[in-house]
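This is model12.pdb. It holds PDB, C-alpha atoms, pLDDT in the B column.
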ATOM      1  CA  MET A   1      14.590  -1.791  12.123  1.00 95.00           C
ATOM      2  CA  TYR A   2      11.416  -3.272  10.683  1.00 96.00           C
ATOM      3  CA  GLY A   3      10.900  -5.188   7.451  1.00 95.00           C
ATOM      4  CA  PRO A   4       7.775  -5.975   5.395  1.00 95.00           C
ATOM      5  CA  PRO A   5       4.784  -3.665   6.032  1.00 95.00           C
ATOM      6  CA  ALA A   6       2.685  -6.083   8.075  1.00 94.00           C
ATOM      7  CA  ASN A   7       1.700  -3.099  10.214  1.00 94.00           C
ATOM      8  CA  LEU A   8      -0.429  -1.783   7.339  1.00 96.00           C
ATOM      9  CA  ALA A   9      -3.709  -3.365   6.265  1.00 97.00           C
ATOM     10  CA  LEU A  10      -6.327  -2.910   3.605  1.00 98.00           C
ATOM     11  CA  THR A  11      -9.545  -2.548   5.568  1.00 98.00           C
ATOM     12  CA  VAL A  12     -13.168  -2.581   4.428  1.00 98.00           C
ATOM     13  CA  LEU A  13     -16.496  -2.157   6.187  1.00 97.00           C
ATOM     14  CA  SER A  14     -17.901  -5.290   7.793  1.00 96.00           C
ATOM     15  CA  ARG A  15     -20.800  -5.305   5.316  1.00 96.00           C
ATOM     16  CA  SER A  16     -18.503  -5.102   2.272  1.00 97.00           C
ATOM     17  CA  SER A  17     -18.592  -7.855  -0.352  1.00 96.00           C
ATOM     18  CA  ILE A  18     -14.808  -7.546  -0.761  1.00 97.00           C
ATOM     19  CA  ARG A  19     -13.160 -10.647   0.686  1.00 96.00           C
ATOM     20  CA  THR A  20      -9.808 -10.972  -1.065  1.00 96.00           C
ATOM     21  CA  ALA A  21      -7.401  -8.904  -3.132  1.00 96.00           C
ATOM     22  CA  ALA A  22      -9.014 -10.320  -6.283  1.00 97.00           C
ATOM     23  CA  ASP A  23     -12.207  -8.401  -5.444  1.00 98.00           C
ATOM     24  CA  LEU A  24     -10.479  -5.002  -5.600  1.00 98.00           C
ATOM     25  CA  ASN A  25     -10.312  -4.528  -9.371  1.00 98.00           C
ATOM     26  CA  GLY A  26     -11.785  -1.122 -10.190  1.00 97.00           C
ATOM     27  CA  LYS A  27     -12.514  -0.376  -6.522  1.00 98.00           C
ATOM     28  CA  SER A  28     -11.668   2.889  -4.749  1.00 98.00           C
ATOM     29  CA  VAL A  29      -9.190   2.721  -1.874  1.00 98.00           C
ATOM     30  CA  GLY A  30      -8.413   5.616   0.446  1.00 97.00           C
ATOM     31  CA  VAL A  31      -4.792   6.444   1.238  1.00 97.00           C
ATOM     32  CA  THR A  32      -3.138   9.234   3.195  1.00 94.00           C
ATOM     33  CA  THR A  33      -1.567  11.281   0.387  1.00 94.00           C
ATOM     34  CA  LEU A  34      -0.302  10.778  -3.132  1.00 90.00           C
ATOM     35  CA  GLY A  35       3.325   9.695  -3.126  1.00 88.00           C
ATOM     36  CA  SER A  36       3.007   8.136   0.326  1.00 91.00           C
ATOM     37  CA  LEU A  37       3.763   4.574   1.359  1.00 92.00           C
ATOM     38  CA  THR A  38       0.027   3.799   1.467  1.00 94.00           C
ATOM     39  CA  ASP A  39      -0.275   5.053  -2.128  1.00 94.00           C
ATOM     40  CA  TRP A  40       2.695   3.008  -3.344  1.00 93.00           C
ATOM     41  CA  LEU A  41       1.549  -0.197  -1.637  1.00 95.00           C
ATOM     42  CA  THR A  42      -1.925   0.071  -3.158  1.00 96.00           C
ATOM     43  CA  ARG A  43      -0.473   0.519  -6.639  1.00 94.00           C
ATOM     44  CA  LYS A  44       1.927  -2.353  -6.018  1.00 93.00           C
ATOM     45  CA  LEU A  45      -1.004  -4.571  -5.040  1.00 96.00           C
ATOM     46  CA  SER A  46      -2.824  -3.617  -8.246  1.00 97.00           C
ATOM     47  CA  GLN A  47       0.241  -4.481 -10.323  1.00 95.00           C
ATOM     48  CA  GLN A  48       0.656  -7.831  -8.581  1.00 95.00           C
ATOM     49  CA  GLN A  49      -2.962  -8.664  -9.421  1.00 96.00           C
ATOM     50  CA  GLY A  50      -2.204  -8.004 -13.105  1.00 97.00           C
ATOM     51  CA  TRP A  51      -4.263  -4.812 -13.385  1.00 97.00           C
ATOM     52  CA  GLY A  52      -1.420  -2.312 -13.802  1.00 95.00           C
ATOM     53  CA  PRO A  53      -0.726   0.517 -11.307  1.00 91.00           C
ATOM     54  CA  ASP A  54      -4.199   2.059 -11.745  1.00 94.00           C
ATOM     55  CA  GLY A  55      -6.389  -1.034 -11.547  1.00 97.00           C
ATOM     56  CA  ILE A  56      -7.315   0.061  -8.034  1.00 98.00           C
ATOM     57  CA  LYS A  57      -8.449   3.677  -7.805  1.00 97.00           C
ATOM     58  CA  VAL A  58      -6.250   5.498  -5.285  1.00 96.00           C
ATOM     59  CA  VAL A  59      -8.034   8.300  -3.414  1.00 97.00           C
ATOM     60  CA  PRO A  60      -5.936  10.547  -1.110  1.00 96.00           C
ATOM     61  CA  LEU A  61      -8.093  11.580   1.836  1.00 94.00           C
ATOM     62  CA  GLY A  62      -5.696  12.183   4.702  1.00 91.00           C
ATOM     63  CA  ALA A  63      -6.568  11.039   8.214  1.00 91.00           C
ATOM     64  CA  VAL A  64      -8.422   7.843   9.075  1.00 92.00           C
ATOM     65  CA  PRO A  65     -11.681   9.527  10.243  1.00 94.00           C
ATOM     66  CA  ALA A  66     -12.100  11.175   6.837  1.00 94.00           C
ATOM     67  CA  ARG A  67     -11.514   7.904   5.012  1.00 94.00           C
ATOM     68  CA  LEU A  68     -13.814   5.952   7.317  1.00 94.00           C
ATOM     69  CA  ALA A  69     -16.577   8.521   6.837  1.00 95.00           C
ATOM     70  CA  ALA A  70     -16.127   8.285   3.060  1.00 96.00           C
ATOM     71  CA  MET A  71     -16.457   4.514   3.272  1.00 96.00           C
ATOM     72  CA  GLU A  72     -19.638   4.792   5.289  1.00 96.00           C
ATOM     73  CA  ARG A  73     -21.059   7.187   2.657  1.00 96.00           C
ATOM     74  CA  GLY A  74     -20.216   4.694  -0.081  1.00 95.00           C
ATOM     75  CA  GLU A  75     -17.541   6.924  -1.622  1.00 96.00           C
ATOM     76  CA  LEU A  76     -14.719   4.474  -0.885  1.00 97.00           C
ATOM     77  CA  ASP A  77     -14.597   0.695  -1.015  1.00 98.00           C
ATOM     78  CA  GLY A  78     -11.656   0.362   1.369  1.00 98.00           C
ATOM     79  CA  MET A  79      -8.707   2.115   2.962  1.00 98.00           C
ATOM     80  CA  VAL A  80      -5.088   1.482   3.894  1.00 97.00           C
ATOM     81  CA  VAL A  81      -4.584   1.912   7.632  1.00 97.00           C
ATOM     82  CA  GLU A  82      -2.515   0.677  10.530  1.00 95.00           C
ATOM     83  CA  ALA A  83      -3.401  -2.957  11.110  1.00 95.00           C
ATOM     84  CA  ALA A  84      -4.266  -2.061  14.717  1.00 94.00           C
ATOM     85  CA  THR A  85      -6.956   0.330  13.474  1.00 95.00           C
ATOM     86  CA  GLY A  86      -8.404  -2.494  11.406  1.00 95.00           C
ATOM     87  CA  TYR A  87      -8.420  -4.777  14.450  1.00 96.00           C
ATOM     88  CA  GLU A  88     -10.227  -2.069  16.434  1.00 95.00           C
ATOM     89  CA  LEU A  89     -12.880  -1.811  13.725  1.00 96.00           C
ATOM     90  CA  GLU A  90     -13.240  -5.596  13.722  1.00 95.00           C
ATOM     91  CA  GLU A  91     -13.850  -5.681  17.476  1.00 94.00           C
ATOM     92  CA  GLN A  92     -16.446  -2.924  17.021  1.00 95.00           C
ATOM     93  CA  ASN A  93     -18.094  -4.911  14.180  1.00 95.00           C
ATOM     94  CA  LYS A  94     -17.542  -1.930  11.873  1.00 95.00           C
ATOM     95  CA  GLY A  95     -14.850  -3.313   9.574  1.00 96.00           C
ATOM     96  CA  ARG A  96     -12.327  -6.050   8.827  1.00 95.00           C
ATOM     97  CA  ASN A  97      -8.847  -6.422   7.443  1.00 96.00           C
ATOM     98  CA  VAL A  98      -8.811  -8.006   3.994  1.00 97.00           C
ATOM     99  CA  LEU A  99      -5.036  -8.315   3.851  1.00 96.00           C
ATOM    100  CA  LEU A 100      -1.796  -7.225   5.453  1.00 95.00           C
ATOM    101  CA  PHE A 101       0.662  -5.568   3.094  1.00 96.00           C
ATOM    102  CA  GLY A 102       3.512  -7.582   4.556  1.00 93.00           C
ATOM    103  CA  ASP A 103       2.067 -10.470   2.545  1.00 91.00           C
ATOM    104  CA  ILE A 104       2.167  -8.350  -0.624  1.00 88.00           C
ATOM    105  CA  GLU A 105       5.698  -6.909  -0.413  1.00 89.00           C
ATOM    106  CA  LYS A 106       7.932  -9.344   1.448  1.00 91.00           C
ATOM    107  CA  HIS A 107      11.252  -7.576   0.778  1.00 93.00           C
ATOM    108  CA  PHE A 108      10.907  -4.078   2.184  1.00 93.00           C
ATOM    109  CA  TYR A 109      11.832  -1.718   5.005  1.00 94.00           C
ATOM    110  CA  THR A 110       8.824  -0.052   6.586  1.00 94.00           C
ATOM    111  CA  HIS A 111      10.939   1.598   9.319  1.00 95.00           C
ATOM    112  CA  VAL A 112      14.652   2.310   9.515  1.00 95.00           C
ATOM    113  CA  LEU A 113      17.016   3.880  12.043  1.00 96.00           C
ATOM    114  CA  TYR A 114      18.671   7.147  11.032  1.00 95.00           C
ATOM    115  CA  ALA A 115      21.746   8.973  12.263  1.00 96.00           C
ATOM    116  CA  THR A 116      23.172  12.292  11.137  1.00 96.00           C
ATOM    117  CA  ASP A 117      26.441  12.369   9.210  1.00 95.00           C
ATOM    118  CA  GLU A 118      27.938  14.280  12.130  1.00 96.00           C
ATOM    119  CA  MET A 119      26.952  11.556  14.600  1.00 96.00           C
ATOM    120  CA  ILE A 120      28.383   8.850  12.337  1.00 96.00           C
ATOM    121  CA  GLU A 121      31.663  10.704  11.944  1.00 96.00           C
ATOM    122  CA  LYS A 122      32.219  12.164  15.390  1.00 97.00           C
ATOM    123  CA  ARG A 123      30.397   9.890  17.868  1.00 97.00           C
ATOM    124  CA  PRO A 124      30.389   6.378  16.392  1.00 97.00           C
ATOM    125  CA  GLU A 125      30.759   4.656  19.781  1.00 97.00           C
ATOM    126  CA  LEU A 126      27.644   6.392  21.107  1.00 97.00           C
ATOM    127  CA  LEU A 127      25.790   5.242  18.011  1.00 97.00           C
ATOM    128  CA  ARG A 128      26.991   1.674  18.557  1.00 97.00           C
ATOM    129  CA  ARG A 129      25.778   1.795  22.183  1.00 98.00           C
ATOM    130  CA  PHE A 130      22.376   3.023  21.053  1.00 98.00           C
ATOM    131  CA  LEU A 131      22.060   0.246  18.469  1.00 98.00           C
ATOM    132  CA  HIS A 132      23.130  -2.363  21.009  1.00 98.00           C
ATOM    133  CA  GLY A 133      20.464  -1.138  23.409  1.00 98.00           C
ATOM    134  CA  TRP A 134      17.824  -1.084  20.679  1.00 98.00           C
ATOM    135  CA  PHE A 135      18.430  -4.662  19.565  1.00 98.00           C
ATOM    136  CA  LYS A 136      18.584  -5.879  23.173  1.00 98.00           C
ATOM    137  CA  THR A 137      15.109  -4.382  23.549  1.00 97.00           C
ATOM    138  CA  VAL A 138      13.899  -6.202  20.432  1.00 98.00           C
ATOM    139  CA  ALA A 139      15.317  -9.478  21.767  1.00 98.00           C
ATOM    140  CA  PHE A 140      13.509  -8.893  25.062  1.00 98.00           C
ATOM    141  CA  MET A 141      10.213  -8.220  23.277  1.00 98.00           C
ATOM    142  CA  LYS A 142      10.518 -11.394  21.216  1.00 98.00           C
ATOM    143  CA  ALA A 143      11.170 -13.457  24.361  1.00 98.00           C
ATOM    144  CA  ASN A 144       8.510 -11.831  26.561  1.00 98.00           C
ATOM    145  CA  LYS A 145       5.171 -11.564  24.767  1.00 98.00           C
ATOM    146  CA  ASP A 146       2.950 -11.102  27.836  1.00 98.00           C
ATOM    147  CA  PHE A 147       4.999  -8.242  29.260  1.00 98.00           C
ATOM    148  CA  THR A 148       5.355  -6.596  25.848  1.00 98.00           C
ATOM    149  CA  VAL A 149       1.621  -6.781  25.150  1.00 98.00           C
ATOM    150  CA  LYS A 150       0.689  -5.325  28.541  1.00 98.00           C
ATOM    151  CA  SER A 151       3.274  -2.553  28.311  1.00 97.00           C
ATOM    152  CA  GLY A 152       2.492  -1.725  24.681  1.00 95.00           C
ATOM    153  CA  ALA A 153      -1.248  -1.605  25.297  1.00 96.00           C
ATOM    154  CA  LYS A 154      -0.729   0.859  28.147  1.00 97.00           C
ATOM    155  CA  VAL A 155       1.657   3.102  26.200  1.00 95.00           C
ATOM    156  CA  VAL A 156      -0.443   3.418  23.036  1.00 91.00           C
ATOM    157  CA  GLN A 157      -3.748   3.207  24.945  1.00 92.00           C
ATOM    158  CA  VAL A 158      -5.393   0.248  23.225  1.00 93.00           C
ATOM    159  CA  ARG A 159      -6.984  -2.889  24.628  1.00 94.00           C
ATOM    160  CA  GLU A 160      -4.636  -5.774  25.309  1.00 96.00           C
ATOM    161  CA  SER A 161      -6.576  -7.897  22.819  1.00 96.00           C
ATOM    162  CA  ILE A 162      -5.570  -5.440  20.085  1.00 96.00           C
ATOM    163  CA  ALA A 163      -1.966  -5.291  21.266  1.00 96.00           C
ATOM    164  CA  ALA A 164      -1.810  -9.102  21.238  1.00 97.00           C
ATOM    165  CA  LYS A 165      -2.973  -9.232  17.603  1.00 95.00           C
ATOM    166  CA  VAL A 166      -0.410  -6.586  16.664  1.00 95.00           C
ATOM    167  CA  TYR A 167       2.322  -8.530  18.458  1.00 97.00           C
ATOM    168  CA  ASP A 168       1.468 -11.796  16.708  1.00 96.00           C
ATOM    169  CA  GLY A 169       1.309 -10.166  13.299  1.00 92.00           C
ATOM    170  CA  GLN A 170       4.321  -7.898  13.563  1.00 95.00           C
ATOM    171  CA  ILE A 171       6.957  -9.102  16.019  1.00 96.00           C
ATOM    172  CA  GLY A 172       8.588 -11.338  13.427  1.00 95.00           C
ATOM    173  CA  ASN A 173       9.340  -8.371  11.158  1.00 95.00           C
ATOM    174  CA  PHE A 174      11.569  -6.608  13.689  1.00 97.00           C
ATOM    175  CA  SER A 175      15.217  -7.042  12.732  1.00 97.00           C
ATOM    176  CA  ALA A 176      17.283  -8.868  15.343  1.00 97.00           C
ATOM    177  CA  ASP A 177      20.594  -7.284  14.337  1.00 97.00           C
ATOM    178  CA  GLY A 178      20.050  -4.538  11.739  1.00 97.00           C
ATOM    179  CA  ALA A 179      21.630  -6.467   8.865  1.00 97.00           C
ATOM    180  CA  TRP A 180      20.516  -5.134   5.479  1.00 96.00           C
ATOM    181  CA  ASP A 181      18.655  -7.170   2.854  1.00 95.00           C
ATOM    182  CA  PRO A 182      19.970  -6.116  -0.589  1.00 95.00           C
ATOM    183  CA  VAL A 183      16.703  -7.157  -2.269  1.00 96.00           C
ATOM    184  CA  ALA A 184      14.741  -4.836   0.028  1.00 95.00           C
ATOM    185  CA  ILE A 185      17.198  -2.029  -0.697  1.00 96.00           C
ATOM    186  CA  ASP A 186      16.535  -2.467  -4.416  1.00 95.00           C
ATOM    187  CA  VAL A 187      12.775  -2.273  -3.821  1.00 93.00           C
ATOM    188  CA  ILE A 188      13.222   0.981  -1.888  1.00 93.00           C
ATOM    189  CA  ARG A 189      15.522   2.435  -4.563  1.00 94.00           C
ATOM    190  CA  ASN A 190      12.984   1.750  -7.297  1.00 92.00           C
ATOM    191  CA  SER A 191      10.047   3.017  -5.213  1.00 89.00           C
ATOM    192  CA  LEU A 192      11.665   6.459  -4.990  1.00 90.00           C
ATOM    193  CA  LYS A 193      11.318   6.803  -8.756  1.00 90.00           C
ATOM    194  CA  ASP A 194       7.928   5.055  -8.912  1.00 85.00           C
ATOM    195  CA  LEU A 195       6.489   7.644  -6.520  1.00 83.00           C
ATOM    196  CA  GLY A 196       8.075  10.607  -8.260  1.00 85.00           C
ATOM    197  CA  ILE A 197      10.186  11.482  -5.221  1.00 88.00           C
ATOM    198  CA  LEU A 198      13.227  11.243  -7.497  1.00 92.00           C
ATOM    199  CA  ASP A 199      13.408  11.239 -11.293  1.00 94.00           C
ATOM    200  CA  PHE A 200      16.077   8.534 -11.226  1.00 96.00           C
ATOM    201  CA  ILE A 201      16.891   5.353  -9.313  1.00 96.00           C
ATOM    202  CA  PRO A 202      19.657   6.159  -6.795  1.00 96.00           C
ATOM    203  CA  GLU A 203      22.660   3.955  -6.208  1.00 95.00           C
ATOM    204  CA  ALA A 204      22.233   1.624  -3.245  1.00 94.00           C
ATOM    205  CA  LYS A 205      25.329   2.901  -1.462  1.00 90.00           C
ATOM    206  CA  VAL A 206      23.908   6.411  -1.072  1.00 91.00           C
ATOM    207  CA  ILE A 207      20.735   5.377   0.767  1.00 92.00           C
ATOM    208  CA  TYR A 208      22.094   3.150   3.534  1.00 94.00           C
ATOM    209  CA  ASN A 209      25.118   2.599   5.756  1.00 95.00           C
ATOM    210  CA  ASP A 210      26.306  -0.890   6.744  1.00 94.00           C
ATOM    211  CA  LYS A 211      29.259   0.201   8.883  1.00 94.00           C
ATOM    212  CA  PHE A 212      27.486  -0.461  12.207  1.00 97.00           C
ATOM    213  CA  VAL A 213      25.530  -3.650  11.448  1.00 97.00           C
ATOM    214  CA  PRO A 214      24.941  -6.466  12.023  1.00 97.00           C
ATOM    215  CA  VAL A 215      24.918  -5.861  15.756  1.00 98.00           C
ATOM    216  CA  LYS A 216      26.209  -8.689  17.937  1.00 95.00           C
ATOM    217  CA  LEU A 217      24.538  -8.944  21.347  1.00 93.00           C
TER     218      LEU A 217
END
Could you spell out this file's structure in structure tokens?
Amino acid sequence: MYGPPANLALTVLSRSSIRTAADLNGKSVGVTTLGSLTDWLTRKLSQQQGWGPDGIKVVPLGAVPARLAAMERGELDGMVVEAATGYELEEQNKGRNVLLFGDIEKHFYTHVLYATDEMIEKRPELLRRFLHGWFKTVAFMKANKDFTVKSGAKVVQVRESIAAKVYDGQIGNFSADGAWDPVAIDVIRNSLKDLGILDFIPEAKVIYNDKFVPVKL
């Protein structure tokens, strides 16, 4: 459904001296919980900078208000949040996005579409109709920015200026047909062990189904 995590950003306060990823060595970054995507991405960033998985101090603090308050008290140097939240903080002159994680992990699946085994076995045509409708919607969004921005801003209750930034930064990561990227599948497989969700790396064939994709519109 959606590829690299460009919808997640590393955000700092507007007064912070942190400008790039290189400034994060030894810094404390707030994430939702240990073992979460925000945790894994922060550790991945640290590894890519050559500091190992603990070069950035990961601090699990739950919801955004708690992490923002910790930043304002000087207990955190940054936090991983939805990019839209970072844009909101920028417009309020409270914070800024240092980076989008889609630039850090380019082969990934941030969101996927699920179906139960029963649906796959007993109602495959209904599933195909759903997928066809979904990817028609994606095609419409890609071809109609103004409508999508106005509609999205109303639905999620943000200013259109925020929705426009989200659109520009994220629309390209929506899959047009659901086709799987084997490199991204390998990243996901390995992340399950990295995070301690599993104590082994699962076989690719057990974590995804390619029977219904790519979808032809």
Test item: the PyMOL selection byres ((chain A and resi 32) around 8) resolved as a ChimeraX atom specification: /A:30-31,33-34,36,38-39,60-63
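Take CA of Phe108 in chain A and CA of Ser191 in chain A: the distance between them is 10.3 Å.
Comparing the minimum interatomic distances between Leu45 in chain A and each of A:Asn93, A:Gln170, A:Thr110, A:Asn25, counting only C-alpha atoms, we find that A:Asn25 sits nearest.
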d(CA of Val29 in chain A, CA of His111 in chain A) in Å: 23.1 Å
Surrounding residues of range 173-184 of chain A excluding itself and chain neighbours under 4 positions, 7 Å, only C-alpha atoms, as a PyMOL selection string: chain A and resi 1-4+107-109+135+138-139+188+213-216
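Listed by chain and then by number, the residues chosen by the PyMOL selection byres ((chain A and resi 13-15) around 6) in this file are Val12, Ser16, Lys94, Gly95 and Arg96 of chain A.
Reported to one decimal place, the separation of CA of Asp146 in chain A from CA of Ile104 in chain A is 28.6 Å.
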Within 9 Å of Lys136 in chain A using all atoms listed in the file, minus same-chain residues under 4 positions, as a PyMOL selection string: chain A and resi 131-132+140-141+176+217
Report the residues retrieved by the PyMOL selection byres ((chain A and resi 24) around 10) from the displayed file, expressed as a PDB file with C-alpha atoms, in the frame of the given file.
ATOM      1  CA  ILE A  18     -14.808  -7.546  -0.761  1.00 97.00           C
ATOM      2  CA  ARG A  19     -13.160 -10.647   0.686  1.00 96.00           C
ATOM      3  CA  THR A  20      -9.808 -10.972  -1.065  1.00 96.00           C
ATOM      4  CA  ALA A  21      -7.401  -8.904  -3.132  1.00 96.00           C
ATOM      5  CA  ALA A  22      -9.014 -10.320  -6.283  1.00 97.00           C
ATOM      6  CA  ASP A  23     -12.207  -8.401  -5.444  1.00 98.00           C
ATOM      7  CA  ASN A  25     -10.312  -4.528  -9.371  1.00 98.00           C
ATOM      8  CA  GLY A  26     -11.785  -1.122 -10.190  1.00 97.00           C
ATOM      9  CA  LYS A  27     -12.514  -0.376  -6.522  1.00 98.00           C
ATOM     10  CA  SER A  28     -11.668   2.889  -4.749  1.00 98.00           C
ATOM     11  CA  VAL A  29      -9.190   2.721  -1.874  1.00 98.00           C
ATOM     12  CA  LEU A  45      -1.004  -4.571  -5.040  1.00 96.00           C
ATOM     13  CA  SER A  46      -2.824  -3.617  -8.246  1.00 97.00           C
ATOM     14  CA  GLN A  49      -2.962  -8.664  -9.421  1.00 96.00           C
ATOM     15  CA  TRP A  51      -4.263  -4.812 -13.385  1.00 97.00           C
ATOM     16  CA  GLY A  55      -6.389  -1.034 -11.547  1.00 97.00           C
ATOM     17  CA  ILE A  56      -7.315   0.061  -8.034  1.00 98.00           C
ATOM     18  CA  LYS A  57      -8.449   3.677  -7.805  1.00 97.00           C
ATOM     19  CA  ASP A  77     -14.597   0.695  -1.015  1.00 98.00           C
ATOM     20  CA  GLY A  78     -11.656   0.362   1.369  1.00 98.00           C
TER      21      GLY A  78
END
Non-local contacts of Ile201 in chain A (7 Å; only C-alpha atoms; under 5 positions in same chain excluded) as a list in words: Arg189, Asn190, Leu192 and Lys193 of chain A
First collect every listed atom of range 85-103 of chain A; then fit an axis-aligned box around them, widen it by 5 Å on each side, and give centre and edge lengths in Å to one decimal, as AutoDock Vina command-line options.
--center_x -7.3 --center_y -5.1 --center_z 10.0 --size_x 31.6 --size_y 20.8 --size_z 24.9
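Residues of protein, DNA and RNA with at least one atom no farther than 10 Å from (16.9, 7.0, 15.1) are, using only C-alpha atoms, Met1, His111, Val112, Leu113, Tyr114, Ala115, Thr116, Leu127, Phe130, Leu131 and Trp134 of chain A.
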For Asn97 in chain A: contacts at 8 Å, all atoms listed in the file, fewer than 3 positions along chain excluded, given as JSON, numbers by chain: {"A": [9, 10, 11, 12, 83, 86, 87, 90, 100]}
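Distances from A:Tyr208, A:Val59, A:Leu8, A:Glu121 to Thr85 in chain A were compared using only C-alpha atoms, and the smallest one belongs to A:Leu8.
Residues lying within 10 Å of range 149-161 of chain A, counting all atoms listed in the file and ignoring same-chain neighbours fewer than 3 positions away, are A:Ala84, A:Thr85, A:Tyr87, A:Glu88, A:Glu91, A:Met141, A:Asn144, A:Lys145, A:Asp146, A:Ala164, A:Lys165, A:Val166, A:Tyr167, A:Asp168.
Compared by their closest atoms to Arg129 in chain A, and using all atoms listed in the file, the residues A:Phe200, A:Phe212, A:Trp40, A:Phe147 rank with A:Phe212 nearest.
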Since the input is missing atoms, can you rebuild N, CA and C atoms for range 177-195 of chain A and write them as a compact mmCIF listing (two decimals), in the frame of the given file?
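Result went into rebuild-v2.txt, see below:
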# COMPACT_ATOMS: atom_id res chain seq x y z
N ASP A 177 19.21 -7.78 14.30
CA ASP A 177 20.59 -7.28 14.34
C ASP A 177 20.88 -6.12 13.39
N GLY A 178 19.86 -5.68 12.62
CA GLY A 178 20.05 -4.54 11.74
C GLY A 178 20.70 -4.85 10.41
N ALA A 179 20.99 -6.11 10.14
CA ALA A 179 21.63 -6.47 8.86
C ALA A 179 20.72 -6.12 7.70
N TRP A 180 21.30 -5.59 6.63
CA TRP A 180 20.52 -5.13 5.48
C TRP A 180 20.24 -6.27 4.50
N ASP A 181 19.05 -6.24 3.91
CA ASP A 181 18.66 -7.17 2.85
C ASP A 181 18.81 -6.44 1.52
N PRO A 182 19.74 -6.83 0.66
CA PRO A 182 19.97 -6.12 -0.59
C PRO A 182 18.76 -6.10 -1.51
N VAL A 183 17.91 -7.14 -1.43
CA VAL A 183 16.70 -7.16 -2.27
C VAL A 183 15.75 -6.06 -1.82
N ALA A 184 15.60 -5.89 -0.50
CA ALA A 184 14.74 -4.84 0.03
C ALA A 184 15.28 -3.46 -0.34
N ILE A 185 16.59 -3.30 -0.31
CA ILE A 185 17.20 -2.03 -0.70
C ILE A 185 16.85 -1.70 -2.15
N ASP A 186 16.88 -2.70 -3.02
CA ASP A 186 16.54 -2.47 -4.42
C ASP A 186 15.08 -2.06 -4.57
N VAL A 187 14.19 -2.66 -3.78
CA VAL A 187 12.78 -2.27 -3.82
C VAL A 187 12.62 -0.81 -3.42
N ILE A 188 13.30 -0.41 -2.35
CA ILE A 188 13.22 0.98 -1.89
C ILE A 188 13.78 1.92 -2.94
N ARG A 189 14.91 1.59 -3.52
CA ARG A 189 15.52 2.44 -4.56
C ARG A 189 14.54 2.68 -5.70
N ASN A 190 13.91 1.62 -6.18
CA ASN A 190 12.98 1.75 -7.30
C ASN A 190 11.71 2.49 -6.91
N SER A 191 11.28 2.34 -5.64
CA SER A 191 10.05 3.02 -5.21
C SER A 191 10.21 4.53 -5.23
N LEU A 192 11.43 5.01 -5.00
CA LEU A 192 11.66 6.46 -4.99
C LEU A 192 11.38 7.07 -6.36
N LYS A 193 11.65 6.33 -7.41
CA LYS A 193 11.32 6.80 -8.76
C LYS A 193 9.84 6.55 -9.07
N ASP A 194 9.33 5.38 -8.66
CA ASP A 194 7.93 5.06 -8.91
C ASP A 194 7.00 6.12 -8.36
N LEU A 195 7.34 6.66 -7.19
CA LEU A 195 6.49 7.64 -6.52
C LEU A 195 6.75 9.07 -6.96
